[in-house]
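S.K.: Next up, coords_12.cif (mmCIF, C-alpha atoms).
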data_target
loop_
_atom_site.label_atom_id
_atom_site.label_comp_id
_atom_site.auth_asym_id
_atom_site.auth_seq_id
_atom_site.Cartn_x
_atom_site.Cartn_y
_atom_site.Cartn_z
CA MET A 1 21.48 6.60 11.37
CA GLU A 2 22.96 4.85 8.33
CA TYR A 3 23.05 6.71 5.11
CA LEU A 4 23.40 5.81 1.44
CA ILE A 5 23.30 8.02 -1.62
CA GLY A 6 23.65 7.43 -5.33
CA ILE A 7 23.73 9.87 -8.25
CA GLN A 8 23.70 8.89 -11.90
CA GLY A 9 25.61 11.00 -14.40
CA PRO A 10 25.76 10.76 -18.20
CA ASP A 11 28.42 8.03 -18.20
CA PHE A 12 28.99 7.17 -14.54
CA VAL A 13 27.26 6.45 -11.25
CA LEU A 14 28.56 8.01 -8.07
CA VAL A 15 27.72 6.32 -4.78
CA ALA A 16 28.59 7.05 -1.19
CA ALA A 17 27.85 5.41 2.13
CA ASP A 18 28.66 6.43 5.68
CA ASN A 19 31.30 4.49 7.56
CA VAL A 20 29.65 3.97 10.91
CA ALA A 21 28.70 0.62 12.42
CA ALA A 22 26.72 1.37 15.55
CA SER A 23 24.78 -0.58 18.13
CA SER A 24 22.17 1.77 19.64
CA ILE A 25 24.29 4.46 21.31
CA ILE A 26 27.72 2.85 20.88
CA GLN A 27 29.70 3.47 17.72
CA MET A 28 31.56 0.21 17.20
CA LYS A 29 33.42 1.00 14.00
CA HIS A 30 34.02 4.23 12.14
CA ASP A 31 35.63 2.66 9.08
CA TYR A 32 32.97 0.17 8.08
CA ASP A 33 32.51 -0.40 4.35
CA LYS A 34 28.88 -0.85 3.33
CA MET A 35 29.53 -1.42 -0.35
CA PHE A 36 29.64 -4.94 -1.77
CA LYS A 37 31.27 -5.56 -5.10
CA LEU A 38 28.93 -7.84 -7.04
CA SER A 39 31.03 -7.82 -10.18
CA GLU A 40 33.55 -5.67 -12.02
CA LYS A 41 31.00 -2.97 -12.69
CA ILE A 42 28.24 -3.45 -10.13
CA LEU A 43 28.16 -2.27 -6.52
CA LEU A 44 25.54 -3.10 -3.93
CA LEU A 45 25.16 -0.71 -1.01
CA CYS A 46 23.31 -2.23 1.90
CA VAL A 47 22.00 -0.85 5.20
CA GLY A 48 19.44 -2.07 7.70
CA GLU A 49 19.23 -4.66 10.41
CA ALA A 50 22.60 -5.73 11.75
CA GLY A 51 23.58 -9.11 10.36
CA ASP A 52 20.83 -9.14 7.75
CA THR A 53 22.79 -6.63 5.68
CA VAL A 54 25.96 -8.68 5.37
CA GLN A 55 24.15 -12.02 5.08
CA PHE A 56 21.88 -10.87 2.29
CA ALA A 57 24.49 -8.86 0.42
CA GLU A 58 27.08 -11.66 0.51
CA TYR A 59 24.47 -14.18 -0.62
CA ILE A 60 23.63 -12.00 -3.62
CA GLN A 61 27.32 -11.41 -4.27
CA LYS A 62 28.17 -15.12 -4.42
CA ASN A 63 25.18 -15.87 -6.61
CA VAL A 64 26.21 -13.19 -9.08
CA GLN A 65 29.70 -14.73 -9.16
CA LEU A 66 28.18 -18.18 -9.69
CA TYR A 67 26.30 -16.86 -12.70
CA LYS A 68 29.60 -15.59 -14.09
CA MET A 69 31.28 -18.98 -13.58
CA ARG A 70 28.41 -20.91 -15.11
CA ASN A 71 27.82 -18.71 -18.12
CA GLY A 72 31.18 -17.14 -18.84
CA TYR A 73 29.91 -13.57 -18.64
CA GLU A 74 28.63 -11.29 -15.91
CA LEU A 75 25.06 -10.37 -15.06
CA SER A 76 23.98 -6.94 -16.27
CA PRO A 77 23.07 -4.39 -13.57
CA ALA A 78 19.38 -4.58 -14.51
CA ALA A 79 19.42 -8.37 -14.25
CA ALA A 80 21.30 -8.25 -10.96
CA ALA A 81 18.83 -5.72 -9.56
CA ASN A 82 15.84 -7.83 -10.50
CA PHE A 83 17.48 -10.96 -9.16
CA THR A 84 18.10 -9.17 -5.86
CA ARG A 85 14.54 -7.93 -5.76
CA LYS A 86 13.13 -11.39 -6.38
CA ASN A 87 15.23 -12.86 -3.60
CA LEU A 88 14.23 -10.12 -1.17
CA ALA A 89 10.58 -10.52 -2.11
CA ASP A 90 10.69 -14.29 -1.65
CA TYR A 91 12.14 -13.94 1.81
CA LEU A 92 9.70 -11.17 2.72
CA ARG A 93 6.78 -13.51 3.15
CA SER A 94 8.75 -16.24 4.83
CA ARG A 95 9.45 -16.71 8.50
CA THR A 96 12.83 -15.05 8.05
CA PRO A 97 12.50 -11.78 6.14
CA TYR A 98 15.58 -9.62 5.57
CA HIS A 99 15.24 -6.05 6.81
CA VAL A 100 17.63 -4.29 4.42
CA ASN A 101 17.55 -1.16 2.29
CA LEU A 102 19.68 -1.25 -0.83
CA LEU A 103 21.13 0.80 -3.61
CA LEU A 104 22.47 -1.08 -6.60
CA ALA A 105 24.70 0.86 -8.95
CA GLY A 106 26.22 -0.44 -12.13
CA TYR A 107 27.52 0.28 -15.60
CA ASP A 108 26.26 -1.72 -18.55
CA GLU A 109 28.15 -1.72 -21.86
CA ALA A 110 24.91 -1.45 -23.79
CA ASP A 111 22.63 0.60 -21.53
CA GLY A 112 25.15 2.80 -19.78
CA PRO A 113 25.06 3.72 -16.10
CA GLY A 114 22.16 2.61 -13.90
CA LEU A 115 21.12 3.25 -10.30
CA TYR A 116 18.46 1.13 -8.63
CA TYR A 117 16.68 1.92 -5.37
CA MET A 118 15.32 -0.99 -3.32
CA ASP A 119 13.75 -0.91 0.11
CA TYR A 120 13.08 -3.61 2.66
CA LEU A 121 9.64 -4.32 1.19
CA SER A 122 11.38 -5.23 -2.04
CA ALA A 123 10.18 -2.24 -4.01
CA LEU A 124 12.55 -1.68 -6.94
CA ALA A 125 12.89 1.56 -8.87
CA LYS A 126 15.47 2.71 -11.38
CA ALA A 127 16.20 6.33 -10.58
CA PRO A 128 18.65 9.07 -11.57
CA PHE A 129 19.38 9.73 -7.89
CA ALA A 130 18.43 7.97 -4.65
CA ALA A 131 19.20 7.88 -0.95
CA HIS A 132 18.42 5.88 2.16
CA GLY A 133 18.34 6.93 5.81
CA TYR A 134 17.33 10.07 7.69
CA GLY A 135 19.80 11.97 5.55
CA ALA A 136 17.68 11.07 2.55
CA PHE A 137 14.99 13.49 3.71
CA LEU A 138 17.41 16.34 3.32
CA THR A 139 19.41 15.30 0.29
CA LEU A 140 16.51 14.12 -1.84
CA SER A 141 14.89 17.52 -1.68
CA ILE A 142 18.14 19.15 -2.76
CA LEU A 143 18.65 16.63 -5.57
CA ASP A 144 15.04 17.11 -6.66
CA ARG A 145 15.68 20.82 -7.03
CA TYR A 146 19.20 20.85 -8.45
CA TYR A 147 19.83 17.50 -10.22
CA ARG A 148 20.63 17.74 -13.91
CA PRO A 149 21.21 14.63 -16.04
CA GLU A 150 24.31 16.13 -17.68
CA MET A 151 26.12 16.72 -14.39
CA HIS A 152 29.83 16.32 -14.78
CA ARG A 153 31.97 14.52 -12.23
CA GLY A 154 33.01 17.47 -10.10
CA GLY A 155 29.54 18.61 -9.16
CA GLU A 156 28.63 16.57 -6.06
CA ARG A 157 28.44 17.84 -2.50
CA PHE A 158 27.38 16.61 0.93
CA ILE A 159 25.71 18.32 3.84
CA LEU A 160 25.40 15.67 6.47
CA ASN A 161 26.77 15.49 9.92
CA LEU A 162 28.14 11.97 9.80
CA PRO A 163 31.83 11.66 10.50
CA SER A 164 33.03 10.09 7.25
CA PHE A 165 31.92 8.55 3.97
CA ASN A 166 33.21 6.02 1.49
CA VAL A 167 32.77 7.31 -2.03
CA ARG A 168 33.01 5.21 -5.18
CA LEU A 169 32.42 5.86 -8.84
CA ILE A 170 31.41 3.31 -11.47
CA ASP A 171 31.98 3.96 -15.13
CA ARG A 172 32.94 2.13 -18.30
CA GLU A 173 36.29 1.10 -16.82
CA GLY A 174 34.91 -0.31 -13.61
CA ILE A 175 34.75 0.70 -9.98
CA HIS A 176 37.00 3.51 -8.71
CA ASP A 177 37.62 4.48 -5.12
CA LEU A 178 37.36 8.20 -4.62
CA GLU A 179 38.71 10.13 -1.69
CA LYS A 180 37.14 9.22 1.64
CA LEU A 181 35.17 12.26 2.73
CA THR A 182 35.41 13.48 6.28
CA LEU A 183 34.20 16.62 8.01
CA ALA A 184 37.71 17.99 7.79
CA SER A 185 37.66 17.91 3.99
CA PHE A 186 34.84 20.45 3.95
CA LEU A 187 36.38 22.95 6.38
CA MET B 188 48.70 -31.34 -17.75
CA PRO B 189 52.09 -30.32 -16.33
CA ILE B 190 52.71 -27.99 -13.43
CA CYS B 191 55.63 -25.66 -13.30
CA LYS B 192 56.51 -23.09 -10.68
CA ASP B 193 54.27 -20.29 -11.83
CA ILE B 194 51.74 -21.75 -14.22
CA VAL B 195 49.70 -24.86 -14.76
CA VAL B 196 49.02 -25.94 -18.32
CA LEU B 197 46.02 -27.94 -19.45
CA GLY B 198 45.87 -29.32 -22.97
CA VAL B 199 43.03 -31.21 -24.59
CA GLU B 200 42.53 -32.77 -27.96
CA LYS B 201 39.64 -31.12 -29.72
CA LYS B 202 37.39 -33.57 -31.47
CA SER B 203 37.13 -32.58 -35.09
CA VAL B 204 33.69 -31.09 -35.58
CA ALA B 205 31.41 -31.43 -38.52
CA LYS B 206 31.61 -28.62 -41.03
CA LEU B 207 28.27 -27.09 -40.05
CA GLN B 208 28.88 -27.37 -36.31
CA GLU B 209 29.85 -24.38 -34.20
CA GLU B 210 33.20 -25.16 -32.70
CA ARG B 211 32.71 -23.19 -29.51
CA THR B 212 30.06 -25.45 -28.04
CA VAL B 213 32.41 -28.36 -27.41
CA ARG B 214 34.66 -27.21 -24.59
CA LYS B 215 36.48 -29.70 -22.42
CA ILE B 216 38.24 -27.17 -20.20
CA CYS B 217 36.05 -25.24 -17.75
CA ALA B 218 36.72 -22.78 -14.99
CA LEU B 219 35.28 -23.82 -11.65
CA ASP B 220 36.34 -20.62 -9.93
CA GLU B 221 38.76 -17.83 -10.73
CA HIS B 222 41.77 -19.83 -9.57
CA VAL B 223 40.71 -23.43 -10.31
CA CYS B 224 39.80 -25.13 -13.51
CA MET B 225 39.05 -28.60 -14.73
CA ALA B 226 39.47 -30.67 -17.87
CA PHE B 227 37.63 -33.94 -18.30
CA ALA B 228 37.57 -37.02 -20.50
CA GLY B 229 34.47 -39.12 -20.93
CA LEU B 230 30.75 -38.43 -21.10
CA THR B 231 30.32 -34.71 -21.66
CA ALA B 232 26.79 -34.72 -20.26
CA ASP B 233 27.94 -36.24 -16.98
CA ALA B 234 30.73 -33.69 -16.82
CA ARG B 235 28.24 -30.82 -17.05
CA ILE B 236 26.52 -32.02 -13.88
CA VAL B 237 29.75 -32.44 -11.95
CA ILE B 238 31.04 -29.07 -13.08
CA ASN B 239 27.84 -27.34 -12.07
CA ARG B 240 27.91 -28.86 -8.59
CA ALA B 241 31.58 -27.94 -8.22
CA ARG B 242 30.93 -24.33 -9.26
CA VAL B 243 28.14 -23.98 -6.71
CA GLU B 244 30.37 -25.51 -4.04
CA CYS B 245 33.17 -23.06 -4.86
CA GLN B 246 30.88 -20.10 -4.22
CA SER B 247 29.25 -21.73 -1.23
CA HIS B 248 32.67 -22.25 0.31
CA ARG B 249 33.52 -18.59 -0.27
CA LEU B 250 30.26 -17.58 1.38
CA THR B 251 30.56 -19.66 4.51
CA VAL B 252 34.30 -19.63 5.04
CA GLU B 253 35.22 -16.31 3.34
CA ASP B 254 38.12 -18.00 1.58
CA PRO B 255 38.47 -19.44 -1.90
CA VAL B 256 38.57 -23.23 -2.10
CA THR B 257 41.87 -25.03 -2.16
CA VAL B 258 42.38 -27.29 -5.16
CA GLU B 259 42.48 -30.28 -2.84
CA TYR B 260 39.18 -29.33 -1.20
CA ILE B 261 37.25 -29.06 -4.43
CA THR B 262 38.87 -32.25 -5.73
CA ARG B 263 37.81 -34.03 -2.57
CA TYR B 264 34.30 -32.66 -3.00
CA ILE B 265 34.08 -33.89 -6.60
CA ALA B 266 35.56 -37.25 -5.65
CA THR B 267 33.11 -37.66 -2.78
CA LEU B 268 30.27 -36.81 -5.13
CA LYS B 269 31.46 -39.41 -7.62
CA GLN B 270 31.84 -42.07 -4.94
CA ARG B 271 28.33 -41.47 -3.65
CA TYR B 272 26.99 -42.37 -7.06
CA THR B 273 28.87 -45.69 -7.00
CA GLN B 274 27.06 -46.72 -3.87
CA SER B 275 23.52 -45.42 -4.31
CA ASN B 276 20.32 -47.06 -5.25
CA GLY B 277 19.32 -46.69 -8.84
CA ARG B 278 22.14 -44.39 -9.92
CA ARG B 279 25.06 -45.08 -12.17
CA PRO B 280 28.56 -43.66 -11.67
CA PHE B 281 29.64 -40.50 -13.51
CA GLY B 282 31.43 -41.54 -16.69
CA ILE B 283 34.27 -39.04 -16.52
CA SER B 284 37.83 -38.72 -15.37
CA ALA B 285 38.81 -35.21 -14.45
CA LEU B 286 42.03 -33.27 -14.13
CA ILE B 287 41.61 -30.45 -11.65
CA VAL B 288 44.26 -27.74 -11.63
CA GLY B 289 44.81 -24.45 -9.94
CA PHE B 290 46.69 -22.42 -7.41
CA ASP B 291 46.06 -22.53 -3.70
CA TYR B 292 45.78 -19.42 -1.60
CA ASP B 293 49.44 -19.63 -0.62
CA GLY B 294 50.47 -19.73 -4.27
CA THR B 295 51.42 -23.39 -4.74
CA PRO B 296 50.25 -24.90 -8.03
CA ARG B 297 48.36 -28.18 -7.84
CA LEU B 298 47.15 -30.89 -10.20
CA TYR B 299 44.75 -33.64 -9.16
CA GLN B 300 43.14 -36.46 -11.07
CA THR B 301 39.80 -38.07 -10.21
CA ASP B 302 38.11 -41.07 -11.78
CA PRO B 303 34.62 -42.58 -11.77
CA SER B 304 35.35 -44.66 -8.70
CA GLY B 305 35.80 -41.52 -6.66
CA THR B 306 39.50 -41.80 -5.92
CA TYR B 307 41.80 -38.85 -6.37
CA HIS B 308 45.54 -38.41 -6.48
CA ALA B 309 47.91 -35.49 -6.83
CA TRP B 310 50.21 -35.41 -9.82
CA LYS B 311 53.04 -33.36 -11.24
CA ALA B 312 51.94 -34.11 -14.76
CA ASN B 313 49.29 -36.43 -16.07
CA ALA B 314 47.01 -37.32 -18.95
CA ILE B 315 43.55 -38.85 -19.20
CA GLY B 316 41.37 -40.16 -21.98
CA ARG B 317 42.28 -41.69 -25.29
CA SER B 318 45.93 -42.80 -25.50
CA ALA B 319 46.49 -41.47 -22.01
CA LYS B 320 49.14 -44.13 -21.49
CA THR B 321 51.25 -42.94 -24.40
CA VAL B 322 51.03 -39.33 -23.30
CA ARG B 323 51.80 -40.20 -19.70
CA GLU B 324 54.88 -42.18 -20.77
CA PHE B 325 56.06 -39.24 -22.82
CA LEU B 326 55.60 -36.98 -19.82
CA GLU B 327 57.43 -39.42 -17.55
CA LYS B 328 60.39 -39.34 -19.87
CA ASN B 329 60.39 -35.62 -20.53
CA TYR B 330 59.14 -33.99 -17.33
CA THR B 331 62.50 -32.77 -16.10
CA ASP B 332 63.38 -29.70 -14.11
CA GLU B 333 64.67 -27.97 -17.23
CA ALA B 334 61.60 -28.89 -19.19
CA ILE B 335 59.46 -26.93 -16.75
CA ALA B 336 61.96 -24.24 -15.93
CA GLY B 337 59.97 -21.49 -17.57
CA ASP B 338 56.39 -20.83 -18.61
CA ASN B 339 56.98 -21.28 -22.32
CA GLU B 340 58.89 -24.50 -21.75
CA ALA B 341 56.04 -25.98 -19.76
CA ILE B 342 53.54 -25.02 -22.44
CA LYS B 343 55.75 -26.57 -25.12
CA LEU B 344 56.00 -29.75 -23.07
CA ALA B 345 52.23 -30.02 -22.95
CA ILE B 346 51.91 -29.44 -26.67
CA LYS B 347 54.69 -31.93 -27.49
CA ALA B 348 53.00 -34.53 -25.30
CA LEU B 349 49.69 -34.07 -27.10
CA LEU B 350 51.28 -34.02 -30.55
CA GLU B 351 52.38 -37.62 -29.89
CA VAL B 352 48.81 -38.85 -30.09
CA VAL B 353 46.79 -36.18 -31.86
CA GLN B 354 46.24 -36.99 -35.49
CA SER B 355 46.35 -33.76 -37.36
CA GLY B 356 48.72 -31.58 -35.38
CA GLY B 357 48.13 -28.15 -33.90
CA LYS B 358 44.66 -27.57 -35.27
CA ASN B 359 43.13 -30.10 -32.93
CA ILE B 360 44.77 -29.05 -29.71
CA GLU B 361 43.19 -26.66 -27.25
CA LEU B 362 45.35 -25.24 -24.50
CA ALA B 363 44.55 -23.34 -21.35
CA VAL B 364 46.96 -21.77 -18.91
CA ILE B 365 46.36 -20.68 -15.32
CA ARG B 366 48.82 -18.25 -13.84
CA ARG B 367 48.99 -17.47 -10.16
CA ASN B 368 46.39 -14.77 -9.32
CA GLN B 369 45.14 -14.63 -12.88
CA PRO B 370 42.04 -16.29 -14.25
CA LEU B 371 42.12 -19.02 -16.88
CA LYS B 372 43.30 -18.06 -20.35
CA SER B 373 43.08 -19.94 -23.59
CA LYS B 374 46.40 -20.03 -25.34
CA GLU B 375 47.24 -19.34 -28.94
CA ILE B 376 49.14 -22.37 -30.03
CA GLU B 377 49.72 -21.85 -33.74
CA THR B 378 53.07 -20.12 -33.27
CA LEU B 379 54.17 -22.50 -30.54
CA VAL B 380 53.37 -25.55 -32.62
CA ALA B 381 55.38 -24.08 -35.47
CA GLU B 382 58.30 -23.55 -33.09
CA ILE B 383 58.10 -27.11 -31.87
CA GLU B 384 58.04 -28.46 -35.41
CA LYS B 385 61.13 -26.41 -36.20
CA GLU B 386 62.94 -27.71 -33.10
CA LYS B 387 62.07 -31.26 -34.08
CA GLU B 388 63.53 -30.75 -37.52
CA GLU B 389 66.71 -29.30 -36.06
CA GLU B 390 66.99 -32.31 -33.73
CA ALA B 391 66.55 -34.67 -36.63
CA GLU B 392 69.19 -32.76 -38.64
CA LYS B 393 71.68 -32.99 -35.78
CA LYS B 394 71.10 -36.72 -35.40
CA LYS B 395 71.62 -37.25 -39.12
CA GLN B 396 74.88 -35.31 -39.04
CA LYS B 397 76.09 -37.31 -36.03
CA LYS B 398 75.36 -40.54 -37.84
CA SER B 399 77.14 -39.53 -41.00
CA THR B 400 80.33 -38.37 -39.17
#
As structure tokens - that is how I would like this structure written.

M.R.:
Amino acid sequence: MEYLIGIQGPDFVLVAADNVAASSIIQMKHDYDKMFKLSEKILLLCVGEAGDTVQFAEYIQKNVQLYKMRNGYELSPAAAANFTRKNLADYLRSRTPYHVNLLLAGYDEADGPGLYYMDYLSALAKAPFAAHGYGAFLTLSILDRYYRPEMHRGGERFILNLPSFNVRLIDREGIHDLEKLTLASFL
Amino acid sequence: MPICKDIVVLGVEKKSVAKLQEERTVRKICALDEHVCMAFAGLTADARIVINRARVECQSHRLTVEDPVTVEYITRYIATLKQRYTQSNGRRPFGISALIVGFDYDGTPRLYQTDPSGTYHAWKANAIGRSAKTVREFLEKNYTDEAIAGDNEAIKLAIKALLEVVQSGGKNIELAVIRRNQPLKSKEIETLVAEIEKEKEEEAEKKKQKKST
């Protein structure tokens, strides 16, 4: 099952997504990137119905870019999150709803790091940590117990049995690719 | 207005603004996408509409085709839009000529001109607007391979061309440069204008000396 996680630190947001693209029992890709770069400092992680994910995420991505072209500056993460939510909500009660679960992570010059949780019913919540998927049941309980807002960058760990993850970090300088985590890196 | 191998230079004459007016709100050079930009001459309000449609089309193209627009494609789109307004009920044509510049995906620089009729042509160097003829003649005479050999030379050529017709010199010229794979940048022209003035003086000195010998 697809998995997303995000953790907000004092001056960064760390996000990770699994790399599997599966169709029922067949694993079609094991190097699939579920993160969409909305702007220099905003990432959208998207899982859910096949096709809906890419369609919706790319639509949001291009609209965020259009805003930048029209206005000369980029949308803030909060604005981007609310824009995404409004779009998802509008489609929800149409004949063609998008079945996608999202995490939006970004760094704002003025407000600092921000992580936004959004589910397929278009519920939006800004949270210090969030996750989607079956793995969320496990990791959220751990994060509930052990999360501290002043966590420094070395303190994150994973316990899931998915083959590999893409990990990225957003901070003042932008989006950084961290090492791709595989089972081997924990042994 | 001129293209050289690695950059395209766009120069516009800034209308002198009233003392109380904020200078920034009158911009004749706009980015349509990260690799394409446009300068226009004519009715600013009409230009706003065209630019907005072009910007949406740039993103729409990226969404459906997963590739950035080519300069020719977006020029064709703008030209088609303009032509439609020359043949529709109850609408008047857009009152602008546009110079659309940028780099294609394969790295070639391009310059296109459109006018209110909806025609478009590719150019190596061009000018539109007030005294366009004078500027174009200057460019025809001075657009040589050496003149565009390097980035700075091309920029100087654009400035020299504008200085022919701009009243008060460097203060009223706005310059923008697109480099391959880099977004649009506004250029500081004070130093360059000073250089050009110096070169002109040196030329004049040399001519005088030739005459006297």

S.K.: Counting all atoms listed in the file, collect the residues of chain B whose closest atom lies at most 10 Å from chain A, and write them out as an MDAnalysis selection string.

M.R.: chainID B and resid 217:221 238:239 242:251 253

S.K.: Take atom CA of Ala312 of chain B and atom CA of Lys347 of chain B and report the distance between them in Å, one decimal.

M.R.: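 Computed distance, atom CA of Ala312 of chain B to atom CA of Lys347 of chain B, equals 13.2 Å.
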
S.K.: Find the residues with any atom within 10 Å of (29.6, 4.0, -5.1); use all atoms listed in the file and the coordinates as given in the file, and write the answer as a PyMOL selection string.

M.R.: chain A and resi 4-7+12-17+34-37+42-45+103-106+115+166-170+175-178

S.K.: Need the shell around Gly289 of chain B: protein/DNA/RNA residues with any atom at most 6 Å away, counting only C-alpha atoms. Skip same-chain ones fewer than 3 positions apart. Format as a ChimeraX atom specification?

M.R.: /B:222-223,296-297

S.K.: Pick the closest to Gln27 of chain A from A:Leu140, A:Glu2, A:Asn71, A:His132: which is it, counting only C-alpha atoms?

M.R.: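 Nearest candidate to Gln27 of chain A out of A:Leu140, A:Glu2, A:Asn71, A:His132: A:Glu2.
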
S.K.: Would you mind reading off the distance between atom CA of Pro113 of chain A and atom CA of His99 of chain A, one decimal, in Å?

M.R.: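 So the two atoms, atom CA of Pro113 of chain A and atom CA of His99 of chain A, lie 26.8 Å apart.
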
S.K.: Could you list as a PyMOL selection string every residue that has an atom within 9 Å of (17.0, -13.3, 3.3), using the file's coordinates and counting all atoms listed in the file?

M.R.: chain A and resi 52+55-56+59+87-92+94+96-99

S.K.: Which value, in Å to one decimal, gives the distance between atom CA of Lys328 of chain B and atom CA of Asp302 of chain B?

M.R.: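 These two atoms are separated by 23.8 Å.
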
S.K.: Choose the residue, out of B:Val199, B:Leu344, B:Ile265, B:Val204, that has the smallest atom-to-atom separation from Ser304 of chain B; count all atoms listed in the file.

M.R.: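 Comparing B:Val199, B:Leu344, B:Ile265, B:Val204 against Ser304 of chain B, the winner is B:Ile265.
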
S.K.: Suppose a student applies the PyMOL selection byres ((chain A and resi 19) around 6) to this structure; what residues should they get, written as a list of chain:residue names?

M.R.: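 So the PyMOL selection byres ((chain A and resi 19) around 6) ends up selecting A:Asp18, A:Val20, A:His30, A:Asp31, A:Tyr32, A:Asp33, A:Ser164, A:Phe165.
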
S.K.: Would you list the contacts of Leu230 of chain B as a VMD selection string, taking every protein, DNA or RNA residue within 10 Å and counting all atoms listed in the file, but skipping same-chain residues closer than 3 positions in sequence?

M.R.: chain B and resid 227 233 to 235 281 to 284

S.K.: From the set A:Ala131, A:Leu124, A:Ala21, A:Ile142, which residue has the shortest atom-to-atom contact distance to Asn82 of chain A, counting all atoms listed in the file?

M.R.: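 Among A:Ala131, A:Leu124, A:Ala21, A:Ile142, it is A:Leu124 that comes nearest to Asn82 of chain A.
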
S.K.: Applying 10 Å and all atoms listed in the file, which residues near Lys215 of chain B remain after dropping the ones on its own chain fewer than 2 positions away? List them as a ChimeraX atom specification.

M.R.: /B:198-202,212-213,217,225-229,231,234-235,285,361

S.K.: List as a PyMOL selection string the protein and nucleic acid residues near Asp144 of chain A, meaning an atom at most 12 Å away when all atoms listed in the file are counted, but skip any in the same chain fewer than 3 places from it.

M.R.: chain A and resi 7+127-131+136-141+147-149

S.K.: Can you tell me, as a PDB file with C-alpha atoms, keeping the file's coordinate frame, what residues are no more than 12 Å from segment 290-293 of chain B when counting only C-alpha atoms, ignoring any on the same chain fewer than 2 positions away?

M.R.:
ATOM      1  CA  ILE B 190      52.710 -27.990 -13.430  1.00  0.00           C
ATOM      2  CA  CYS B 191      55.630 -25.660 -13.300  1.00  0.00           C
ATOM      3  CA  LYS B 192      56.510 -23.090 -10.680  1.00  0.00           C
ATOM      4  CA  ASP B 193      54.270 -20.290 -11.830  1.00  0.00           C
ATOM      5  CA  ILE B 194      51.740 -21.750 -14.220  1.00  0.00           C
ATOM      6  CA  VAL B 195      49.700 -24.860 -14.760  1.00  0.00           C
ATOM      7  CA  VAL B 196      49.020 -25.940 -18.320  1.00  0.00           C
ATOM      8  CA  ASP B 220      36.340 -20.620  -9.930  1.00  0.00           C
ATOM      9  CA  GLU B 221      38.760 -17.830 -10.730  1.00  0.00           C
ATOM     10  CA  HIS B 222      41.770 -19.830  -9.570  1.00  0.00           C
ATOM     11  CA  VAL B 223      40.710 -23.430 -10.310  1.00  0.00           C
ATOM     12  CA  CYS B 224      39.800 -25.130 -13.510  1.00  0.00           C
ATOM     13  CA  ASP B 254      38.120 -18.000   1.580  1.00  0.00           C
ATOM     14  CA  PRO B 255      38.470 -19.440  -1.900  1.00  0.00           C
ATOM     15  CA  VAL B 256      38.570 -23.230  -2.100  1.00  0.00           C
ATOM     16  CA  THR B 257      41.870 -25.030  -2.160  1.00  0.00           C
ATOM     17  CA  VAL B 258      42.380 -27.290  -5.160  1.00  0.00           C
ATOM     18  CA  GLU B 259      42.480 -30.280  -2.840  1.00  0.00           C
ATOM     19  CA  TYR B 260      39.180 -29.330  -1.200  1.00  0.00           C
ATOM     20  CA  ILE B 261      37.250 -29.060  -4.430  1.00  0.00           C
ATOM     21  CA  ILE B 287      41.610 -30.450 -11.650  1.00  0.00           C
ATOM     22  CA  VAL B 288      44.260 -27.740 -11.630  1.00  0.00           C
ATOM     23  CA  THR B 295      51.420 -23.390  -4.740  1.00  0.00           C
ATOM     24  CA  PRO B 296      50.250 -24.900  -8.030  1.00  0.00           C
ATOM     25  CA  ARG B 297      48.360 -28.180  -7.840  1.00  0.00           C
ATOM     26  CA  LEU B 298      47.150 -30.890 -10.200  1.00  0.00           C
ATOM     27  CA  TYR B 299      44.750 -33.640  -9.160  1.00  0.00           C
ATOM     28  CA  VAL B 364      46.960 -21.770 -18.910  1.00  0.00           C
ATOM     29  CA  ILE B 365      46.360 -20.680 -15.320  1.00  0.00           C
ATOM     30  CA  ARG B 366      48.820 -18.250 -13.840  1.00  0.00           C
ATOM     31  CA  ARG B 367      48.990 -17.470 -10.160  1.00  0.00           C
ATOM     32  CA  ASN B 368      46.390 -14.770  -9.320  1.00  0.00           C
ATOM     33  CA  GLN B 369      45.140 -14.630 -12.880  1.00  0.00           C
ATOM     34  CA  PRO B 370      42.040 -16.290 -14.250  1.00  0.00           C
ATOM     35  CA  LEU B 371      42.120 -19.020 -16.880  1.00  0.00           C
TER      36      LEU B 371
END
